[in-house]
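Next up, my_file.cif (mmCIF, C-alpha atoms):
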data_my_file
#
loop_
_atom_site.label_atom_id
_atom_site.label_comp_id
_atom_site.auth_asym_id
_atom_site.auth_seq_id
_atom_site.Cartn_x
_atom_site.Cartn_y
_atom_site.Cartn_z
CA MET A 1 20.89 21.17 -23.08
CA ARG A 2 18.70 18.10 -22.98
CA ARG A 3 21.12 15.19 -22.85
CA SER A 4 22.90 13.99 -19.75
CA VAL A 5 26.68 13.95 -19.52
CA LEU A 6 28.49 11.07 -17.87
CA CYS A 7 32.09 12.03 -17.18
CA ALA A 8 34.99 10.49 -15.31
CA LEU A 9 36.41 11.82 -12.06
CA SER A 10 39.93 11.21 -10.81
CA CYS A 11 40.84 7.89 -9.16
CA ALA A 12 41.20 9.75 -5.89
CA ALA A 13 37.55 10.69 -6.01
CA LEU A 14 36.01 7.46 -7.27
CA SER A 15 36.53 3.75 -7.20
CA ALA A 16 35.77 3.65 -10.94
CA ALA A 17 34.04 5.76 -13.58
CA LEU A 18 32.93 5.87 -17.19
CA PRO A 19 35.35 7.07 -19.84
CA VAL A 20 35.40 10.82 -20.35
CA ALA A 21 32.45 11.94 -22.48
CA SER A 22 33.43 15.59 -22.46
CA ALA A 23 36.49 17.01 -20.74
CA VAL A 24 34.89 20.43 -20.40
CA ALA A 25 31.23 19.56 -20.03
CA PRO A 26 29.40 22.81 -19.18
CA GLN A 27 27.25 23.03 -16.08
CA PRO A 28 23.68 24.19 -16.70
CA GLY A 29 22.54 27.41 -15.11
CA GLU A 30 20.41 27.80 -11.98
CA ALA A 31 17.16 29.63 -11.35
CA ALA A 32 15.13 30.36 -8.22
CA ARG A 33 11.97 29.32 -10.05
CA VAL A 34 11.76 26.69 -12.76
CA PRO A 35 8.20 26.48 -14.18
CA PHE A 36 6.68 23.03 -14.54
CA LEU A 37 6.85 21.74 -18.12
CA PRO A 38 6.35 18.32 -19.73
CA ARG A 39 9.56 16.28 -19.72
CA TYR A 40 8.29 13.03 -21.23
CA GLN A 41 5.01 11.93 -22.80
CA ALA A 42 4.07 8.68 -24.52
CA GLU A 43 1.18 6.35 -25.24
CA GLN A 44 2.39 2.75 -25.18
CA HIS A 45 1.91 -0.69 -23.70
CA GLY A 46 3.88 -0.48 -20.46
CA GLY A 47 4.15 1.82 -17.48
CA ILE A 48 6.29 3.91 -15.14
CA VAL A 49 8.40 2.64 -12.23
CA ARG A 50 10.64 4.48 -9.82
CA ALA A 51 13.33 3.96 -7.18
CA ALA A 52 13.94 6.51 -4.44
CA ASN A 53 15.74 7.09 -1.17
CA THR A 54 16.86 9.76 1.24
CA SER A 55 20.42 11.08 1.59
CA ALA A 56 20.00 12.42 5.13
CA LYS A 57 18.97 10.99 8.48
CA GLY A 58 18.45 12.09 12.06
CA VAL A 59 21.34 11.83 14.50
CA GLU A 60 19.13 10.80 17.39
CA GLY A 61 16.83 8.33 15.66
CA THR A 62 13.57 9.06 13.85
CA GLU A 63 12.20 12.46 14.80
CA SER A 64 8.64 13.41 13.90
CA VAL A 65 9.79 16.49 11.98
CA ASN A 66 13.11 17.63 10.57
CA ASP A 67 12.71 21.24 11.77
CA GLY A 68 15.29 21.78 14.51
CA SER A 69 16.53 18.19 14.33
CA SER A 70 20.17 17.21 14.11
CA ILE A 71 20.78 15.84 10.61
CA THR A 72 23.66 13.73 9.36
CA TYR A 73 24.38 11.75 6.18
CA VAL A 74 23.18 8.35 5.07
CA ASP A 75 26.22 6.46 3.78
CA VAL A 76 25.67 2.80 2.94
CA ASP A 77 28.57 2.06 0.59
CA SER A 78 32.11 0.97 1.42
CA ASP A 79 33.78 3.73 -0.60
CA PRO A 80 35.82 6.06 1.67
CA ASN A 81 35.58 8.81 -0.96
CA THR A 82 31.82 9.32 -0.55
CA TYR A 83 30.22 11.15 2.35
CA ASN A 84 26.62 10.17 1.51
CA SER A 85 25.08 7.26 -0.39
CA SER A 86 21.85 5.25 -0.40
CA ARG A 87 20.28 2.44 -2.43
CA ALA A 88 16.89 1.47 -3.82
CA GLU A 89 15.52 -1.11 -6.21
CA LEU A 90 14.08 -0.15 -9.60
CA ARG A 91 11.52 -2.83 -10.51
CA VAL A 92 11.43 -2.95 -14.30
CA PRO A 93 9.22 -5.93 -15.25
CA GLU A 94 10.98 -8.92 -16.76
CA GLY A 95 10.92 -8.77 -20.55
CA ALA A 96 10.25 -5.01 -20.65
CA ARG A 97 12.34 -2.44 -22.52
CA VAL A 98 13.16 0.88 -20.84
CA SER A 99 12.07 3.69 -23.17
CA TRP A 100 13.09 6.64 -20.99
CA ALA A 101 14.70 7.23 -17.58
CA ARG A 102 15.72 10.25 -15.53
CA LEU A 103 17.38 10.79 -12.15
CA TYR A 104 16.19 13.65 -9.92
CA TRP A 105 18.13 14.74 -6.85
CA GLY A 106 18.09 17.67 -4.45
CA GLY A 107 18.16 18.92 -0.89
CA ASN A 108 19.01 21.73 1.50
CA LEU A 109 22.48 23.31 1.37
CA ARG A 110 22.11 25.27 4.61
CA VAL A 111 21.75 23.45 7.91
CA GLY A 112 24.52 23.56 10.53
CA GLU A 113 26.94 23.87 7.63
CA GLN A 114 26.59 25.74 4.34
CA LYS A 115 27.38 23.67 1.26
CA PRO A 116 28.53 25.55 -1.87
CA PRO A 117 26.03 25.33 -4.74
CA LYS A 118 28.75 24.60 -7.30
CA ASP A 119 28.23 20.87 -6.72
CA ASN A 120 24.43 20.93 -7.08
CA GLY A 121 24.60 19.52 -10.59
CA ARG A 122 26.82 16.52 -9.90
CA VAL A 123 26.21 13.14 -8.25
CA LEU A 124 27.58 9.62 -8.49
CA ILE A 125 25.39 6.76 -9.68
CA ALA A 126 25.99 3.01 -9.75
CA GLU A 127 23.79 0.48 -11.53
CA PRO A 128 23.11 -2.89 -9.86
CA GLY A 129 26.42 -4.69 -9.58
CA GLY A 130 28.28 -1.74 -11.15
CA GLN A 131 30.70 0.92 -10.02
CA TYR A 132 30.18 4.62 -9.56
CA LYS A 133 29.91 6.90 -12.56
CA ALA A 134 29.82 10.67 -12.37
CA LEU A 135 26.57 12.17 -13.58
CA LEU A 136 26.09 15.83 -14.47
CA ALA A 137 22.74 17.58 -14.62
CA ASP A 138 21.73 18.34 -18.20
CA THR A 139 19.04 20.95 -17.66
CA LEU A 140 18.36 24.15 -15.71
CA ILE A 141 18.74 23.58 -11.97
CA GLY A 142 16.28 24.98 -9.47
CA HIS A 143 18.03 26.72 -6.57
CA ARG A 144 16.21 29.01 -4.16
CA THR A 145 16.87 30.51 -0.76
CA ALA A 146 13.65 30.86 1.23
CA VAL A 147 12.44 30.78 4.86
CA GLY A 148 15.94 29.95 6.16
CA ALA A 149 16.62 27.13 3.68
CA ASP A 150 18.87 26.98 0.63
CA ALA A 151 17.20 24.35 -1.53
CA PHE A 152 17.90 22.93 -4.97
CA GLN A 153 16.90 20.20 -7.41
CA ALA A 154 18.83 18.89 -10.41
CA SER A 155 18.19 16.09 -12.91
CA ALA A 156 19.79 14.17 -15.76
CA ASP A 157 18.76 11.72 -18.44
CA VAL A 158 19.98 8.18 -17.69
CA THR A 159 18.01 6.23 -20.30
CA GLU A 160 20.91 4.34 -21.83
CA LEU A 161 22.40 3.44 -18.47
CA VAL A 162 19.10 2.10 -17.11
CA ARG A 163 18.24 0.31 -20.36
CA SER A 164 21.49 -1.66 -20.31
CA ALA A 165 21.48 -2.44 -16.57
CA ARG A 166 20.43 -5.67 -14.91
CA SER A 167 17.76 -5.86 -12.23
CA GLY A 168 18.60 -4.87 -8.68
CA GLN A 169 19.39 -1.91 -6.47
CA TRP A 170 20.76 1.41 -7.70
CA THR A 171 23.11 3.50 -5.56
CA VAL A 172 23.28 7.30 -5.66
CA ALA A 173 25.99 9.18 -3.78
CA GLN A 174 27.34 12.70 -3.19
CA VAL A 175 23.98 14.46 -3.27
CA ASN A 176 24.93 18.00 -2.23
CA VAL A 177 23.08 18.19 1.09
CA ALA A 178 24.21 19.74 4.36
CA MET A 179 24.26 18.26 7.84
CA GLY A 180 23.82 19.83 11.28
CA SER A 181 20.86 21.57 12.88
CA SER A 182 18.77 24.59 11.98
CA ARG A 183 15.28 25.96 12.47
CA VAL A 184 14.08 24.55 9.14
CA GLY A 185 16.14 21.37 9.32
CA GLY A 186 18.02 19.45 6.67
CA TRP A 187 16.76 17.15 3.94
CA GLY A 188 17.74 15.59 0.64
CA GLY A 189 17.31 12.56 -1.56
CA TRP A 190 16.94 11.17 -5.06
CA THR A 191 14.37 9.51 -7.31
CA LEU A 192 15.01 7.49 -10.45
CA VAL A 193 11.96 7.47 -12.76
CA ALA A 194 11.76 5.07 -15.70
CA ALA A 195 9.14 4.47 -18.40
CA TYR A 196 9.07 1.03 -20.03
CA GLU A 197 7.41 -0.82 -22.89
CA LYS A 198 5.94 -4.31 -22.63
CA ASP A 199 3.46 -5.71 -25.13
CA SER A 200 1.56 -7.82 -22.60
CA GLU A 201 0.66 -4.80 -20.44
CA PRO A 202 -2.30 -2.43 -21.03
CA LEU A 203 -2.05 0.52 -23.38
CA ARG A 204 -1.34 3.53 -21.17
CA ARG A 205 -0.66 7.22 -21.33
CA LEU A 206 2.56 8.12 -19.56
CA GLY A 207 3.77 11.58 -18.63
CA VAL A 208 6.43 13.30 -16.54
CA TRP A 209 6.39 16.98 -15.64
CA ASP A 210 9.19 18.69 -13.74
CA GLY A 211 10.24 22.09 -12.46
CA PHE A 212 11.13 23.74 -9.17
CA GLU A 213 8.34 25.62 -7.44
CA THR A 214 7.71 26.60 -3.82
CA VAL A 215 4.33 26.55 -2.12
CA GLY A 216 3.59 27.68 1.39
CA PRO A 217 1.66 30.24 3.46
CA GLY A 218 0.87 33.17 1.20
CA ASP A 219 2.29 31.53 -1.95
CA GLY A 220 -0.99 30.44 -3.45
CA GLU A 221 -1.56 27.16 -5.23
CA LEU A 222 0.51 25.41 -7.90
CA ARG A 223 -1.53 23.94 -10.78
CA VAL A 224 -0.02 21.55 -13.33
CA PRO A 225 -2.06 20.24 -16.32
CA VAL A 226 -0.46 16.79 -16.54
CA ASP A 227 -2.99 15.34 -19.03
CA GLU A 228 -5.64 16.96 -21.22
CA ASN A 229 -7.19 13.67 -22.42
CA SER A 230 -10.57 12.31 -21.37
CA TYR A 231 -11.01 8.98 -19.58
CA PRO A 232 -14.03 6.69 -19.14
CA LYS A 233 -15.33 5.47 -15.80
CA ASP A 234 -13.23 3.09 -13.71
CA THR A 235 -9.94 3.94 -15.39
CA GLY A 236 -6.83 2.67 -13.59
CA GLY A 237 -3.80 4.83 -13.02
CA GLN A 238 -1.22 6.25 -10.65
CA LEU A 239 0.31 9.62 -9.83
CA GLY A 240 3.83 10.10 -8.50
CA VAL A 241 5.24 13.18 -6.77
CA ILE A 242 8.72 14.33 -5.71
CA ALA A 243 8.90 17.08 -3.09
CA TYR A 244 11.21 18.55 -0.44
CA ASP A 245 10.77 19.74 3.17
CA GLY A 246 7.34 18.32 3.84
CA ASP A 247 7.30 17.94 7.62
CA ARG A 248 5.58 14.97 9.22
CA GLY A 249 2.84 16.13 11.54
CA THR A 250 2.54 19.64 10.09
CA SER A 251 -0.92 19.77 8.56
CA GLY A 252 -2.23 21.94 5.75
CA ASP A 253 -0.38 20.59 2.71
CA TYR A 254 -2.47 18.86 0.04
CA LEU A 255 -2.28 17.27 -3.38
CA ALA A 256 -5.45 17.18 -5.46
CA VAL A 257 -6.38 15.75 -8.85
CA GLU A 258 -8.86 17.82 -10.84
CA THR A 259 -10.81 15.69 -13.32
CA SER A 260 -13.22 18.35 -14.61
CA SER A 261 -14.03 22.01 -14.09
CA SER A 262 -16.22 21.06 -11.13
CA LYS A 263 -14.59 18.00 -9.59
CA SER A 264 -11.37 17.67 -7.61
CA ILE A 265 -10.21 14.74 -5.47
CA LEU A 266 -7.64 15.01 -2.64
CA MET A 267 -4.90 12.38 -2.82
CA ALA A 268 -4.51 10.31 0.35
CA ASP A 269 -3.82 6.75 1.46
CA SER A 270 -2.89 4.79 4.57
CA ALA A 271 0.57 6.42 4.69
CA ASN A 272 -0.27 9.95 3.54
CA SER A 273 -3.23 11.87 4.94
CA ALA A 274 -5.19 14.33 2.81
CA ASP A 275 -4.16 17.21 5.10
CA ASP A 276 -0.50 16.20 5.50
CA VAL A 277 0.30 14.57 2.21
CA MET A 278 3.93 15.71 2.16
CA ASN A 279 4.98 13.94 5.35
CA SER A 280 8.54 12.73 4.76
CA SER A 281 7.81 9.35 3.20
CA ILE A 282 8.69 7.09 0.28
CA THR A 283 5.60 5.03 -0.45
CA GLU A 284 3.58 3.33 -3.19
CA PHE A 285 -0.19 3.09 -2.74
CA GLY A 286 0.24 3.65 1.00
CA THR A 287 2.97 1.07 1.59
CA GLY A 288 6.74 0.93 1.37
CA ARG A 289 6.73 -1.55 -1.50
CA THR A 290 10.20 -0.81 -2.82
CA VAL A 291 13.39 -2.33 -1.44
CA ARG A 292 15.61 0.40 0.00
CA PHE A 293 18.73 0.69 2.12
CA PRO A 294 18.23 2.33 4.53
CA ASP A 295 14.47 1.81 4.64
CA GLY A 296 13.23 4.10 7.42
CA THR A 297 9.59 5.16 7.26
CA ASN A 298 10.44 8.79 8.14
CA THR A 299 12.72 10.31 5.51
CA LEU A 300 12.97 13.65 7.34
CA GLY A 301 11.88 16.12 4.70
CA TYR A 302 12.12 14.09 1.48
CA ASP A 303 8.96 12.81 -0.24
CA SER A 304 8.72 10.45 -3.21
CA ASP A 305 5.22 8.97 -3.24
CA VAL A 306 3.02 7.12 -5.73
CA PHE A 307 -0.76 7.39 -5.34
CA ASP A 308 -3.51 5.19 -6.74
CA LEU A 309 -5.68 7.18 -9.18
CA ARG A 310 -8.59 4.74 -9.41
CA GLY A 311 -10.63 6.72 -6.90
CA ALA A 312 -10.08 10.00 -8.73
CA LEU A 313 -10.95 8.42 -12.11
CA ARG A 314 -13.87 6.29 -10.89
CA GLU A 315 -16.43 8.55 -12.55
CA GLY A 316 -14.23 9.29 -15.55
CA ALA A 317 -12.44 12.52 -16.41
CA ASP A 318 -12.11 15.06 -19.16
CA ARG A 319 -8.63 16.04 -17.96
CA VAL A 320 -6.12 15.35 -15.22
CA HIS A 321 -4.79 18.51 -13.58
CA VAL A 322 -2.77 18.48 -10.35
CA ARG A 323 -3.28 21.10 -7.64
CA PHE A 324 -0.65 21.43 -4.91
CA GLY A 325 -0.70 23.77 -1.94
CA SER A 326 0.39 24.23 1.67
CA ARG A 327 -1.16 26.45 4.32
CA LYS A 328 1.47 26.03 7.07
CA ASP A 329 4.55 24.29 5.67
CA THR A 330 6.90 25.58 2.95
CA VAL A 331 7.39 22.79 0.42
CA TRP A 332 9.42 22.60 -2.78
CA LEU A 333 7.84 20.55 -5.58
CA GLY A 334 10.22 18.94 -8.07
CA ALA A 335 8.39 16.48 -10.35
CA LEU A 336 5.12 14.70 -11.12
CA PHE A 337 4.65 11.48 -13.10
CA LEU A 338 1.42 10.03 -14.40
CA GLN A 339 0.33 6.61 -15.66
CA ALA A 340 -3.27 6.12 -16.87
CA ASP A 341 -4.91 3.27 -18.76
CA VAL A 342 -6.26 3.86 -22.26
CA ARG A 343 -9.39 1.93 -23.23
CA ARG A 344 -10.04 1.31 -26.92
#

As structure tokens, please, write out the structure in this file.
Amino acid sequence: MRRSVLCALSCAALSAALPVASAVAPQPGEAARVPFLPRYQAEQHGGIVRAANTSAKGVEGTESVNDGSSITYVDVDSDPNTYNSSRAELRVPEGARVSWARLYWGGNLRVGEQKPPKDNGRVLIAEPGGQYKALLADTLIGHRTAVGADAFQASADVTELVRSARSGQWTVAQVNVAMGSSRVGGWGGWTLVAAYEKDSEPLRRLGVWDGFETVGPGDGELRVPVDENSYPKDTGGQLGVIAYDGDRGTSGDYLAVETSSSKSILMADSANSADDVMNSSITEFGTGRTVRFPDGTNTLGYDSDVFDLRGALREGADRVHVRFGSRKDTVWLGALFLQADVRR
């Protein structure tokens, strides 16, 4: 199944919801490993934007790592029927048309409590100024138990909802994450990725790849060929990544862009070091540019980062492949999104 299903819940569960789209909408299956495949590709005048936030926080303030920390829920709404919720702004440029949008969410089901996986494929989403709607995952869900964690990621197409929404902050609630304390800690969050068209912007290649893969000590390296096109010198671009359980301060995890058979550049900026790139942060080009609530700098195991690709593409490229690995930490990778200028 490739289309998302928006369905209504009972009034006891929601403040409001969309009309029923399917009374017996089937849940997609789950797999411990979901290989990375292209989800969306286009060449158009426009770009990619994203909104993201965490669904979990530390009980005793901002710890350096989530391992062993006491984790509770973020809950920013006024709805008594939700146990977690957070907000973030999706900055679609004025006058642009959304051509594609997808929500990714995931986390750890096993911390002090054990959440049942039956709710992995369901969240609530509210557009700016709107009320909650139930959203069901429309594709295979990654769900794997490893190194003491019980992690998952799900996603759903939300193109029509995002296309018709006004500007502002989106709210996502009921991400199926657990709270408490464990050796590996708790984490969870969501990222809304949207591609848009706007005639006044440069012609760009846009691509989104997703899956559910684990890297860590002894797991080897994950390689994803996100673009097989060639680029001239001084091409502009950006690379986004969604990942889970990257601990701040635990070195050895890296994200590299391979531009030829002999050249590879490590991604890093002022907020993400080359040797600890998955460090529990939500950043763009090294800063927290997006408006979020809450807006803590340490997201305790949830990463949604956008890196500047100008350095990697300074000398040109005959391809853009992503290499992801971790020598000490176990990290789950969920999605990659690429934007690169096309010069005619």

Handout entry: Surrounding residues of Gly148 of chain A excluding itself and chain neighbours under 5 positions, 9 Å, only C-alpha atoms, as an MDAnalysis selection string
Key = chainID A and resid 110:111 182:184

Radius query 8 Å about (4.7, 20.3, -20.8), atoms used: only C-alpha atoms, as a PDB file with C-alpha atoms, keeping the file's coordinate frame:
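Produced file part-v2.pdb, reproduced below:
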ATOM      1  CA  PHE A  36       6.680  23.030 -14.540  1.00  0.00           C
ATOM      2  CA  LEU A  37       6.850  21.740 -18.120  1.00  0.00           C
ATOM      3  CA  PRO A  38       6.350  18.320 -19.730  1.00  0.00           C
ATOM      4  CA  ARG A  39       9.560  16.280 -19.720  1.00  0.00           C
ATOM      5  CA  TRP A 209       6.390  16.980 -15.640  1.00  0.00           C
ATOM      6  CA  VAL A 226      -0.460  16.790 -16.540  1.00  0.00           C
TER       7      VAL A 226
END

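The closest residue to Pro93 of chain A, picked from A:Gly46, A:Gly106, A:Gly188, A:Pro225 and counting all atoms listed in the file, is A:Gly46.
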
Problem - Selection under test: the PyMOL selection byres ((chain A and resi 136) around 6); residues as a list in words - result: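 This file, filtered by the PyMOL selection byres ((chain A and resi 136) around 6), leaves Val5, Gly121, Arg122, Leu135 and Ala137 of chain A.
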
Practice task
Provide the atom CA of Thr297 of chain A to atom CA of Arg91 of chain A distance in Å, to one decimal place.
Solution key: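 These two atoms are separated by 19.6 Å.
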
Handout entry: Hits of the PyMOL selection byres ((chain A and resi 252-264) around 7) in this structure, as a ChimeraX atom specification
Key = /A:250-251,265-267,274-278,312,317-329

Exercise for the section: Give the answer as one residue: which of A:Pro28, A:Gly237, A:Pro80, A:Gly211 has the shortest atom-to-atom distance to Asp308 of chain A, using only C-alpha atoms? Expected result: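 The answer is A:Gly237, which sits nearest to Asp308 of chain A.
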
Exercise for the section: Please evaluate the PyMOL selection byres ((chain A and resi 204) around 8) against the structure above and give the resulting residues as a list of chain:residue names. Expected result: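 Output from the PyMOL selection byres ((chain A and resi 204) around 8), applied to this file: A:Glu43, A:Gln44, A:His45, A:Gly46, A:Gly47, A:Pro202, A:Leu203, A:Arg205, A:Leu206, A:Gln339, A:Ala340, A:Asp341, A:Val342.
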
Handout entry: Which of A:Gly68, A:Pro116, A:Gly316, A:Gly240 sits closest to Gly301 of chain A [using all atoms listed in the file]
Key =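 Smallest distance to Gly301 of chain A is found for A:Gly68.
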
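The shortest atom-to-atom distance to Gly189 of chain A, with all atoms listed in the file taken into account, belongs to A:Ser155 out of A:Asn81, A:Ser155, A:Ser273, A:Thr287.
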
Problem - Separation of atom CA of Phe307 of chain A from atom CA of Glu284 of chain A in Å - result: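 Atom CA of Phe307 of chain A lies 6.3 Å from atom CA of Glu284 of chain A.
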
So which residues touch Leu140 of chain A within 8 Å, counting all atoms listed in the file, skipping near sequence neighbours fewer than 4 positions away, as an mmCIF file with C-alpha atoms, in the frame of the given file?
data_model
loop_
_atom_site.group_PDB
_atom_site.id
_atom_site.type_symbol
_atom_site.label_atom_id
_atom_site.label_comp_id
_atom_site.auth_asym_id
_atom_site.auth_seq_id
_atom_site.Cartn_x
_atom_site.Cartn_y
_atom_site.Cartn_z
ATOM 1 C CA PRO A 28 23.680 24.190 -16.700
ATOM 2 C CA GLY A 29 22.540 27.410 -15.110
ATOM 3 C CA GLU A 30 20.410 27.800 -11.980
ATOM 4 C CA ALA A 31 17.160 29.630 -11.350
ATOM 5 C CA VAL A 34 11.760 26.690 -12.760
ATOM 6 C CA ALA A 154 18.830 18.890 -10.410
#
